[in-house]
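K.L.:
My structure is stored as final-v6.txt, with compact mmCIF, C-alpha atoms.
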# COMPACT_ATOMS: atom_id res chain seq x y z
CA MET A 1 -5.20 6.37 -53.98
CA LYS A 2 -2.47 4.24 -52.59
CA ALA A 3 -1.26 6.96 -50.30
CA SER A 4 -4.69 7.56 -48.88
CA CYS A 5 -5.08 3.87 -48.30
CA THR A 6 -1.86 3.34 -46.35
CA GLY A 7 -2.18 6.72 -44.66
CA ARG A 8 -5.40 5.68 -43.02
CA ARG A 9 -4.42 2.14 -42.33
CA GLY A 10 -3.59 2.69 -38.71
CA PHE A 11 -7.06 4.00 -37.97
CA VAL A 12 -8.97 1.30 -39.71
CA PHE A 13 -7.92 -1.59 -37.60
CA THR A 14 -11.20 -2.25 -35.82
CA LYS A 15 -13.30 -1.72 -38.91
CA GLU A 16 -11.21 -3.90 -41.11
CA ILE A 17 -13.99 -5.70 -42.89
CA PRO A 18 -16.18 -2.84 -44.10
CA PHE A 19 -13.12 -0.85 -45.09
CA GLY A 20 -11.66 -3.85 -46.89
CA VAL A 21 -14.88 -4.31 -48.80
CA VAL A 22 -14.88 -0.70 -49.88
CA MET A 23 -11.27 -0.94 -51.00
CA LEU A 24 -12.10 -4.01 -53.01
CA LEU A 25 -14.88 -2.13 -54.76
CA LEU A 26 -12.49 0.71 -55.44
CA SER A 27 -10.07 -1.56 -57.17
CA LEU A 28 -12.81 -3.06 -59.28
CA LEU A 29 -14.39 0.22 -60.28
CA PRO A 30 -11.67 2.77 -60.83
CA SER A 31 -14.02 5.16 -62.62
CA ILE A 32 -16.01 6.03 -59.53
CA SER A 33 -13.09 5.82 -57.14
CA VAL A 34 -13.29 9.47 -56.02
CA THR A 35 -16.83 9.18 -54.78
CA LEU A 36 -16.08 5.91 -53.11
CA THR A 37 -12.95 7.21 -51.44
CA GLU A 38 -14.99 9.97 -49.91
CA ALA A 39 -17.62 7.49 -48.87
CA ALA A 40 -15.00 5.24 -47.35
CA GLU A 41 -13.45 8.10 -45.44
CA LYS A 42 -16.80 9.26 -44.18
CA ALA A 43 -17.77 5.75 -43.16
CA THR A 44 -14.45 5.31 -41.36
CA ASP A 45 -14.72 8.67 -39.64
CA ALA A 46 -18.27 7.98 -38.56
CA ALA A 47 -17.37 4.55 -37.31
CA LEU A 48 -14.46 5.92 -35.31
CA ALA A 49 -16.10 9.15 -34.26
CA SER A 50 -15.89 8.52 -30.56
CA PRO A 51 -12.49 9.01 -28.92
CA ALA A 52 -13.53 6.37 -26.37
CA ASP A 53 -13.93 3.84 -29.20
CA GLN A 54 -10.58 4.81 -30.65
CA TYR A 55 -8.96 4.41 -27.24
CA GLN A 56 -10.53 0.98 -26.80
CA ALA A 57 -9.40 -0.06 -30.27
CA VAL A 58 -5.77 0.86 -29.65
CA VAL A 59 -5.70 -0.85 -26.26
CA LYS A 60 -7.29 -4.00 -27.65
CA GLU A 61 -4.77 -4.03 -30.45
CA TYR A 62 -1.90 -3.87 -27.97
CA GLU A 63 -3.42 -6.62 -25.86
CA ALA A 64 -3.79 -8.78 -28.95
CA ALA A 65 -0.11 -8.20 -29.79
CA GLN A 66 0.84 -9.23 -26.24
CA GLN A 67 -1.32 -12.33 -26.44
CA GLU A 68 0.18 -13.27 -29.77
CA PHE A 69 3.64 -12.85 -28.25
CA SER A 70 2.74 -15.04 -25.25
CA LYS A 71 1.41 -17.72 -27.55
CA VAL A 72 4.63 -17.88 -29.56
CA TYR A 73 6.78 -17.56 -26.43
CA ASN A 74 5.00 -20.35 -24.60
CA ALA A 75 5.31 -22.56 -27.65
CA ALA A 76 9.09 -22.10 -27.73
CA LYS A 77 10.87 -25.31 -26.82
CA THR A 78 14.36 -24.24 -25.82
CA ASP A 79 15.90 -21.48 -23.72
CA GLU A 80 17.70 -20.32 -26.84
CA GLU A 81 14.44 -19.85 -28.71
CA ARG A 82 12.96 -18.01 -25.74
CA GLN A 83 16.04 -15.79 -25.51
CA LYS A 84 15.67 -14.84 -29.18
CA LEU A 85 11.99 -14.14 -28.74
CA SER A 86 12.41 -11.92 -25.73
CA ASP A 87 13.63 -9.12 -28.04
CA LYS A 88 10.33 -9.36 -29.86
CA TYR A 89 8.15 -8.50 -26.89
CA PRO A 90 5.74 -5.82 -28.15
CA GLN A 91 7.14 -2.58 -26.78
CA PRO A 92 4.31 -0.15 -26.01
CA LYS A 93 5.99 2.77 -27.82
CA ALA A 94 4.00 2.66 -31.08
CA TRP A 95 0.71 2.37 -29.21
CA SER A 96 1.69 5.12 -26.80
CA ARG A 97 2.34 7.44 -29.73
CA ARG A 98 -1.14 6.80 -31.13
CA LEU A 99 -2.75 7.36 -27.76
CA LEU A 100 -0.82 10.59 -27.27
CA GLU A 101 -2.04 11.78 -30.66
CA LEU A 102 -5.60 10.90 -29.68
CA ALA A 103 -5.22 12.82 -26.43
CA ARG A 104 -3.77 15.88 -28.17
CA LYS A 105 -6.66 15.98 -30.64
CA ASN A 106 -9.38 15.44 -28.05
CA SER A 107 -8.02 17.27 -25.06
CA LYS A 108 -11.48 17.86 -23.56
CA ASP A 109 -12.71 14.29 -23.92
CA PRO A 110 -12.57 11.95 -20.90
CA ALA A 111 -11.16 9.24 -23.20
CA ALA A 112 -8.05 11.41 -23.55
CA ALA A 113 -7.47 10.94 -19.82
CA ASP A 114 -7.73 7.17 -20.28
CA ALA A 115 -5.28 7.34 -23.16
CA LEU A 116 -2.76 9.37 -21.16
CA VAL A 117 -3.10 7.17 -18.08
CA TRP A 118 -2.32 4.22 -20.35
CA VAL A 119 0.85 5.90 -21.56
CA VAL A 120 1.92 6.80 -18.01
CA THR A 121 1.24 3.21 -16.96
CA ASN A 122 3.10 1.57 -19.83
CA GLU A 123 6.04 3.86 -20.54
CA ARG A 124 8.81 3.65 -17.96
CA TYR A 125 10.78 6.69 -19.11
CA GLY A 126 11.28 9.09 -21.99
CA GLU A 127 9.62 11.96 -23.78
CA ASP A 128 6.29 10.19 -24.37
CA LEU A 129 5.93 9.55 -20.66
CA ASP A 130 6.83 13.15 -19.87
CA GLU A 131 4.40 14.55 -22.43
CA ALA A 132 1.58 12.28 -21.27
CA LEU A 133 2.11 13.42 -17.70
CA GLU A 134 2.18 17.10 -18.69
CA LEU A 135 -1.05 16.72 -20.65
CA LEU A 136 -2.73 14.89 -17.78
CA LEU A 137 -1.82 17.69 -15.38
CA ARG A 138 -2.81 20.39 -17.85
CA ASP A 139 -6.05 19.04 -19.33
CA HIS A 140 -7.35 16.43 -16.86
CA ILE A 141 -6.21 17.52 -13.43
CA GLN A 142 -9.71 17.04 -12.01
CA SER A 143 -10.25 13.61 -13.54
CA GLU A 144 -11.21 10.71 -11.27
CA LYS A 145 -8.90 8.57 -13.41
CA LEU A 146 -5.68 10.07 -12.02
CA GLY A 147 -5.39 7.56 -9.17
CA GLN A 148 -3.66 4.97 -11.31
CA ALA A 149 -1.31 7.56 -12.79
CA ALA A 150 -0.42 8.67 -9.26
CA GLN A 151 0.44 5.06 -8.36
CA MET A 152 2.54 4.53 -11.46
CA LEU A 153 4.65 7.65 -10.82
CA VAL A 154 6.44 5.81 -8.03
CA TYR A 155 7.79 3.17 -10.35
CA SER A 156 8.53 5.20 -13.47
CA ASN A 157 11.34 7.57 -14.25
CA ALA A 158 9.07 10.50 -14.93
CA LYS A 159 10.56 13.95 -14.46
CA GLU A 160 9.87 15.43 -11.04
CA PRO A 161 7.29 12.97 -9.74
CA GLU A 162 6.97 15.02 -6.51
CA ARG A 163 5.79 18.07 -8.41
CA ALA A 164 3.23 16.04 -10.35
CA LEU A 165 1.93 14.37 -7.19
CA GLU A 166 1.74 17.67 -5.30
CA THR A 167 -0.19 19.23 -8.19
CA ILE A 168 -2.64 16.32 -8.11
CA LEU A 169 -3.02 16.70 -4.34
CA GLN A 170 -3.74 20.42 -4.64
CA LYS A 171 -6.13 20.33 -7.55
CA ASN A 172 -7.86 16.98 -7.78
CA PRO A 173 -11.15 16.77 -5.83
CA HIS A 174 -11.51 12.98 -5.66
CA HIS A 175 -10.95 11.10 -2.39
CA GLU A 176 -9.44 8.04 -4.07
CA VAL A 177 -7.09 10.05 -6.26
CA LYS A 178 -5.91 12.15 -3.32
CA GLY A 179 -5.34 9.05 -1.21
CA LYS A 180 -3.28 7.30 -3.87
CA ALA A 181 -1.30 10.48 -4.56
CA THR A 182 -0.57 10.92 -0.84
CA PHE A 183 0.66 7.34 -0.52
CA SER A 184 2.76 7.64 -3.68
CA LEU A 185 4.29 10.88 -2.46
CA GLY A 186 5.21 9.04 0.74
CA LEU A 187 6.94 6.31 -1.28
CA VAL A 188 8.81 8.83 -3.42
CA ASN A 189 10.00 10.67 -0.30
CA ARG A 190 11.07 7.40 1.27
CA SER A 191 13.05 6.44 -1.80
CA HIS A 192 14.92 9.74 -1.43
CA ASP A 193 15.58 9.06 2.28
CA LYS A 194 13.27 11.89 3.31
CA ASN A 195 11.98 9.72 6.11
CA ALA A 196 10.32 12.31 8.36
CA GLU A 197 8.30 13.62 5.43
CA ALA A 198 7.44 10.09 4.30
CA GLU A 199 6.25 9.05 7.77
CA LYS A 200 4.00 12.11 7.94
CA LEU A 201 2.41 11.22 4.60
CA PHE A 202 1.86 7.57 5.58
CA GLU A 203 0.23 8.72 8.85
CA GLN A 204 -2.04 10.96 6.80
CA VAL A 205 -2.98 8.04 4.55
CA ILE A 206 -4.02 5.95 7.58
CA GLU A 207 -5.97 8.84 9.09
CA LYS A 208 -7.79 10.14 6.00
CA PHE A 209 -7.57 7.62 3.18
CA GLY A 210 -7.34 4.27 4.94
CA ASP A 211 -10.52 2.91 3.34
CA ILE A 212 -9.24 3.03 -0.25
CA GLU A 213 -8.59 -0.30 -1.94
CA ASN A 214 -5.00 -0.92 -2.95
CA TYR A 215 -3.30 -3.76 -4.86
CA ARG A 216 -3.33 -5.90 -1.72
CA GLY A 217 -5.73 -4.85 1.03
CA THR A 218 -6.35 -1.18 1.68
CA LEU A 219 -4.16 1.91 1.56
CA ALA A 220 -4.15 1.83 5.37
CA ASP A 221 -2.59 -1.66 5.30
CA ALA A 222 -0.01 -0.49 2.79
CA ALA A 223 0.85 2.63 4.81
CA ARG A 224 1.13 0.61 8.05
CA GLY A 225 3.45 -1.79 6.23
CA GLN A 226 5.66 1.10 5.13
CA LEU A 227 5.76 2.56 8.63
CA PHE A 228 6.57 -0.85 10.15
CA GLU A 229 9.36 -1.36 7.66
CA MET A 230 10.81 2.11 8.28
CA ARG A 231 10.63 1.77 12.06
CA ASN A 232 11.50 -1.90 12.58
CA LEU A 233 13.20 -3.24 9.49
CA ALA A 234 15.76 -0.53 8.82
CA ILE A 235 19.48 -1.21 8.90
CA GLY A 236 20.60 -1.02 12.52
CA LYS A 237 17.33 -2.34 14.00
CA VAL A 238 17.08 -5.70 15.72
CA ALA A 239 15.09 -7.91 13.36
CA PRO A 240 11.59 -8.79 14.55
CA GLU A 241 11.01 -12.41 15.54
CA ILE A 242 9.92 -14.87 12.87
CA GLU A 243 8.04 -17.91 14.08
CA GLY A 244 6.63 -20.52 11.79
CA GLU A 245 6.87 -24.00 10.38
CA ASP A 246 9.11 -25.54 7.76
CA VAL A 247 7.83 -27.64 4.89
CA ASP A 248 7.52 -30.70 7.16
CA GLY A 249 5.49 -28.83 9.75
CA LYS A 250 8.36 -28.41 12.22
CA SER A 251 8.33 -25.14 14.14
CA PHE A 252 11.36 -22.93 14.32
CA LYS A 253 12.19 -19.34 15.21
CA LEU A 254 14.59 -16.73 13.95
CA SER A 255 15.88 -16.23 17.50
CA ASP A 256 17.04 -19.88 17.53
CA TYR A 257 19.86 -18.60 15.32
CA ARG A 258 21.07 -15.80 17.59
CA GLY A 259 24.86 -16.02 17.74
CA LYS A 260 25.11 -16.74 14.04
CA VAL A 261 25.27 -14.50 11.01
CA VAL A 262 21.95 -15.01 9.24
CA VAL A 263 20.73 -14.39 5.71
CA ILE A 264 16.94 -14.25 5.45
CA ASP A 265 15.84 -14.88 1.89
CA PHE A 266 12.22 -14.30 0.90
CA TRP A 267 11.92 -16.51 -2.14
CA GLY A 268 9.63 -18.38 -4.47
CA ASP A 269 10.38 -20.81 -7.25
CA TRP A 270 9.02 -18.76 -10.16
CA MET B 1 20.24 -18.14 -7.37
CA TYR B 2 20.07 -21.75 -6.10
CA PRO B 3 23.63 -22.56 -7.23
CA HIS B 4 24.91 -19.43 -5.51
CA GLU B 5 23.07 -20.22 -2.29
CA ARG B 6 24.21 -23.83 -2.38
CA SER B 7 27.83 -22.78 -2.72
CA LEU B 8 27.50 -20.15 0.03
CA VAL B 9 26.03 -22.67 2.46
CA LYS B 10 28.65 -25.25 1.53
CA ARG B 11 31.56 -22.83 1.84
CA LEU B 12 30.44 -21.66 5.30
CA LYS B 13 29.42 -25.07 6.63
CA SER B 14 31.73 -24.94 9.60
CA ARG B 15 31.23 -21.24 10.38
CA PRO B 16 28.55 -19.61 12.56
CA PHE B 17 26.27 -18.91 9.63
CA ALA B 18 22.73 -19.82 8.56
CA LEU B 19 20.74 -19.19 5.42
CA LEU B 20 17.02 -19.17 6.20
CA GLY B 21 14.32 -18.96 3.57
CA VAL B 22 10.80 -17.64 3.73
CA ASN B 23 9.02 -19.40 0.91
CA SER B 24 5.81 -18.40 -0.88
CA ASP B 25 5.21 -21.50 -2.99
CA PRO B 26 2.50 -24.10 -2.45
CA LYS B 27 3.74 -26.78 -0.05
CA ASP B 28 4.03 -29.60 -2.60
CA HIS B 29 6.01 -27.40 -4.91
CA LEU B 30 8.34 -26.34 -2.12
CA LYS B 31 8.97 -29.98 -1.22
CA GLN B 32 9.79 -30.82 -4.81
CA VAL B 33 12.10 -27.90 -5.43
CA MET B 34 14.00 -28.43 -2.16
CA LYS B 35 14.65 -32.00 -3.17
CA LYS B 36 15.45 -31.27 -6.78
CA GLU B 37 17.80 -28.40 -5.98
CA ASN B 38 19.37 -30.22 -3.06
CA MET B 39 18.59 -27.44 -0.58
CA THR B 40 20.08 -28.24 2.78
CA TRP B 41 18.94 -25.02 4.42
CA ARG B 42 15.58 -24.47 6.05
CA SER B 43 12.72 -22.32 4.89
CA TRP B 44 9.65 -21.22 6.70
CA TRP B 45 6.65 -22.14 4.62
CA ASP B 46 4.65 -18.92 4.39
CA GLY B 47 1.22 -20.28 3.55
CA GLY B 48 1.70 -20.87 -0.16
CA THR B 49 1.14 -17.29 -1.35
CA THR B 50 3.05 -14.03 -1.52
CA ASP B 51 0.48 -12.65 0.93
CA GLY B 52 1.65 -15.01 3.68
CA PRO B 53 1.91 -13.78 7.28
CA ILE B 54 5.70 -13.46 7.39
CA ALA B 55 6.04 -11.67 4.05
CA ALA B 56 3.15 -9.37 5.00
CA ARG B 57 4.68 -8.48 8.37
CA TRP B 58 8.04 -7.83 6.74
CA ASN B 59 6.27 -5.72 4.10
CA VAL B 60 7.89 -7.65 1.27
CA SER B 61 6.72 -6.50 -2.13
CA GLY B 62 9.36 -8.00 -4.40
CA TRP B 63 10.93 -11.45 -4.58
CA PRO B 64 13.63 -12.29 -3.83
CA THR B 65 14.16 -9.89 -0.93
CA THR B 66 17.09 -10.48 1.37
CA TYR B 67 18.19 -9.31 4.81
CA VAL B 68 21.55 -10.00 6.40
CA LEU B 69 21.67 -10.03 10.21
CA ASP B 70 24.72 -10.03 12.45
CA HIS B 71 25.11 -12.50 15.32
CA LYS B 72 23.15 -10.19 17.63
CA GLY B 73 20.14 -10.24 15.31
CA THR B 74 20.68 -6.69 14.09
CA ILE B 75 19.79 -5.95 10.45
CA ARG B 76 23.02 -4.93 8.76
CA TYR B 77 22.33 -5.27 5.01
CA LYS B 78 19.24 -5.44 2.80
CA HIS B 79 18.61 -6.50 -0.80
CA VAL B 80 22.06 -8.02 -1.37
CA ARG B 81 22.43 -10.79 -3.96
CA GLU B 82 25.23 -13.00 -5.25
CA LYS B 83 28.69 -11.47 -4.60
CA ALA B 84 27.29 -8.62 -2.53
CA MET B 85 25.67 -11.22 -0.27
CA ASP B 86 28.94 -13.14 0.06
CA ASP B 87 30.82 -9.94 0.93
CA ALA B 88 28.23 -8.92 3.52
CA VAL B 89 28.27 -12.33 5.21
CA ASP B 90 32.07 -12.53 5.18
CA ALA B 91 32.38 -9.07 6.74
CA LEU B 92 29.96 -9.99 9.53
CA LEU B 93 31.68 -13.32 10.17
CA ASP B 94 35.04 -11.53 10.44
CA GLU B 95 33.49 -9.07 12.84
CA LEU B 96 32.06 -11.88 14.97
CA GLU B 97 35.32 -13.75 15.07
CA ARG B 98 37.31 -10.65 15.99
CA GLU B 99 34.87 -10.05 18.80
CA GLN B 100 35.09 -13.61 20.05
CA SER B 101 38.87 -13.54 20.03
CA GLY B 102 38.62 -10.58 22.43
CA GLY B 103 39.95 -7.96 20.03
CA LYS B 104 38.25 -4.57 20.36
CA GLN B 105 36.96 -3.16 17.14
CA PRO B 106 35.54 0.20 16.20
CA LYS B 107 31.76 0.50 16.22
CA ASN B 108 30.37 1.45 12.85
Just dump the structure as structure tokens.
P.N.:
Amino acid sequence: MKASCTGRRGFVFTKEIPFGVVMLLLSLLPSISVTLTEAAEKATDAALASPADQYQAVVKEYEAAQQEFSKVYNAAKTDEERQKLSDKYPQPKAWSRRLLELARKNSKDPAAADALVWVVTNERYGEDLDEALELLLRDHIQSEKLGQAAQMLVYSNAKEPERALETILQKNPHHEVKGKATFSLGLVNRSHDKNAEAEKLFEQVIEKFGDIENYRGTLADAARGQLFEMRNLAIGKVAPEIEGEDVDGKSFKLSDYRGKVVVIDFWGDW
Amino acid sequence: MYPHERSLVKRLKSRPFALLGVNSDPKDHLKQVMKKENMTWRSWWDGGTTDGPIAARWNVSGWPTTYVLDHKGTIRYKHVREKAMDDAVDALLDELEREQSGGKQPKN
């Protein structure tokens, strides 16, 4: 009895009340506990039948944990308290494991792709990230949801991001996914100083995938920014002019400082 | 970062050096923080957002981002902070002073 109760606990989260009521009845009426256990399990299974619902439940649970953390963190009064709390930030690991399990069990369901994209988005490195990526490439290579995974591969420490991105480019039919994968592959190449290859990919993004929305502006804007940076802001290039106003509205230019060693610091007080 | 920048600017007060900021805060906030932190160096005010025209042109996607330029305006270092920034600036100041004193130095 007890084992079956705790064993299922993780799955019951969203249906806490009905399950709780059933468990209460069980404790009151031990003589019919077998029947009721079956009923409870059936009810739980039915309620959680859809992998999409299960995915939503896990994600909501993680978001609630994050919100709870923020609440406590923001209420902290001293730096010392905040320092102590920072170790308690809800690491995504436990949730990733549950989503991986969900994806393994429902490999054909589109919700599995959501679950795996979540893992790839939230895990920065390690075996869960690697497994999630493998499963995405194996079971969901044609999914329209791979765009976000392609973007995240630039910033994670996944094994062989180039291979994953090239596989997506070869096999995924969706315009948006291909565009994001092309741009990401450009960034990965750039980070490995493969500049000629990176420039070619950014040119391709502008030509074929420029319309796709990105974090800020479109993919074309982002690719033009990369090309500008590579061509004009590399070490050894003369810095482009900066002209603007200071906080009092007085104009000044970078070239006013020619003849001096200059540090340019892009900063914000946050 | 402010204490480090303050001490860098103070240490190099009489040398041919300038620290220039490009700031993404709202104007009122920038005014306050410059006063509070006793910032003697100038910043361009970039429109109050991280999408400002200067940051966009320089393709900045993370803050802080730093560039170190030599006296000819050539980019010589990127993304240096704290001691690495000091070392970069000192090396370029040495280079400039060697050049001004007429000594030939190897191009690198």
K.L.:
Could you list, as an NGL selection string, the residues of chain B having an atom within 8 Å of chain A when counting all atoms listed in the file?
P.N.:
:B and (16-25 or 27 or 30-31 or 33 or 42-46 or 54-60 or 63-78 or 89 or 92-93)
K.L.:
For a test of reading the model, state the distance in Å between CA of Lys10 (chain B) and CA of Thr40 (chain B), rounded to one decimal.
P.N.:
9.2 Å
K.L.:
Quick one: residues within 7 Å of region 154-164 of chain A, only C-alpha atoms counted, chain neighbours fewer than 2 positions away excluded, as a compact mmCIF listing (two decimals) with C-alpha atoms, in the frame of the given file?
P.N.:
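Once written, part32.txt looks like this:
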# COMPACT_ATOMS: atom_id res chain seq x y z
CA ARG A 124 8.81 3.65 -17.96
CA TYR A 125 10.78 6.69 -19.11
CA LEU A 129 5.93 9.55 -20.66
CA ASP A 130 6.83 13.15 -19.87
CA GLN A 151 0.44 5.06 -8.36
CA MET A 152 2.54 4.53 -11.46
CA GLU A 166 1.74 17.67 -5.30
CA THR A 167 -0.19 19.23 -8.19
CA ILE A 168 -2.64 16.32 -8.11
CA SER A 184 2.76 7.64 -3.68
CA LEU A 185 4.29 10.88 -2.46
CA LEU A 187 6.94 6.31 -1.28
CA VAL A 188 8.81 8.83 -3.42
K.L.:
Give me, please, the distance in Å between CA of Gly147 (chain A) and CA of Gln91 (chain A), quoted to one decimal.
P.N.:
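Atom-to-atom, CA of Gly147 (chain A) and CA of Gln91 (chain A) are spaced 23.9 Å apart.
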K.L.:
Please measure the separation of CA of Tyr55 (chain A) and CA of Ser107 (chain A), giving the value in Å to one decimal.
P.N.:
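So the two atoms, CA of Tyr55 (chain A) and CA of Ser107 (chain A), lie 13.1 Å apart.
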K.L.:
With all atoms listed in the file as the counted atoms, please give the residues lying no more than 6 Å from region 194-209 of chain A, apart from itself and same-chain residues fewer than 2 positions off, as a PDB file with C-alpha atoms, in the coordinates of the input.
P.N.:
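Saved as result_36.pdb:
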ATOM      1  CA  GLY A 179      -5.340   9.050  -1.210  1.00  0.00           C
ATOM      2  CA  GLY A 186       5.210   9.040   0.740  1.00  0.00           C
ATOM      3  CA  ASN A 189      10.000  10.670  -0.300  1.00  0.00           C
ATOM      4  CA  ARG A 190      11.070   7.400   1.270  1.00  0.00           C
ATOM      5  CA  HIS A 192      14.920   9.740  -1.430  1.00  0.00           C
ATOM      6  CA  ASP A 211     -10.520   2.910   3.340  1.00  0.00           C
ATOM      7  CA  ILE A 212      -9.240   3.030  -0.250  1.00  0.00           C
ATOM      8  CA  ALA A 220      -4.150   1.830   5.370  1.00  0.00           C
ATOM      9  CA  ALA A 223       0.850   2.630   4.810  1.00  0.00           C
TER      10      ALA A 223
END
K.L.:
Could you tell me which of B:Asn38, B:Ser61, B:Gln100, B:Thr49 comes closest to Pro3 (chain B) if we count all atoms listed in the file?
P.N.:
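Selected residue with least distance to Pro3 (chain B): B:Asn38.
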K.L.:
At a cut-off of 10 Å, using all atoms listed in the file, what residues contact Gln148 (chain A)? Leave out same-chain residues fewer than 2 positions from it and give the result as a PDB file with C-alpha atoms, in the coordinates of the input.
P.N.:
ATOM      1  CA  VAL A 117      -3.100   7.170 -18.080  1.00  0.00           C
ATOM      2  CA  TRP A 118      -2.320   4.220 -20.350  1.00  0.00           C
ATOM      3  CA  VAL A 120       1.920   6.800 -18.010  1.00  0.00           C
ATOM      4  CA  THR A 121       1.240   3.210 -16.960  1.00  0.00           C
ATOM      5  CA  GLU A 144     -11.210  10.710 -11.270  1.00  0.00           C
ATOM      6  CA  LYS A 145      -8.900   8.570 -13.410  1.00  0.00           C
ATOM      7  CA  LEU A 146      -5.680  10.070 -12.020  1.00  0.00           C
ATOM      8  CA  ALA A 150      -0.420   8.670  -9.260  1.00  0.00           C
ATOM      9  CA  GLN A 151       0.440   5.060  -8.360  1.00  0.00           C
ATOM     10  CA  MET A 152       2.540   4.530 -11.460  1.00  0.00           C
ATOM     11  CA  LEU A 153       4.650   7.650 -10.820  1.00  0.00           C
ATOM     12  CA  GLU A 176      -9.440   8.040  -4.070  1.00  0.00           C
ATOM     13  CA  VAL A 177      -7.090  10.050  -6.260  1.00  0.00           C
ATOM     14  CA  LYS A 180      -3.280   7.300  -3.870  1.00  0.00           C
ATOM     15  CA  ALA A 181      -1.300  10.480  -4.560  1.00  0.00           C
TER      16      ALA A 181
END
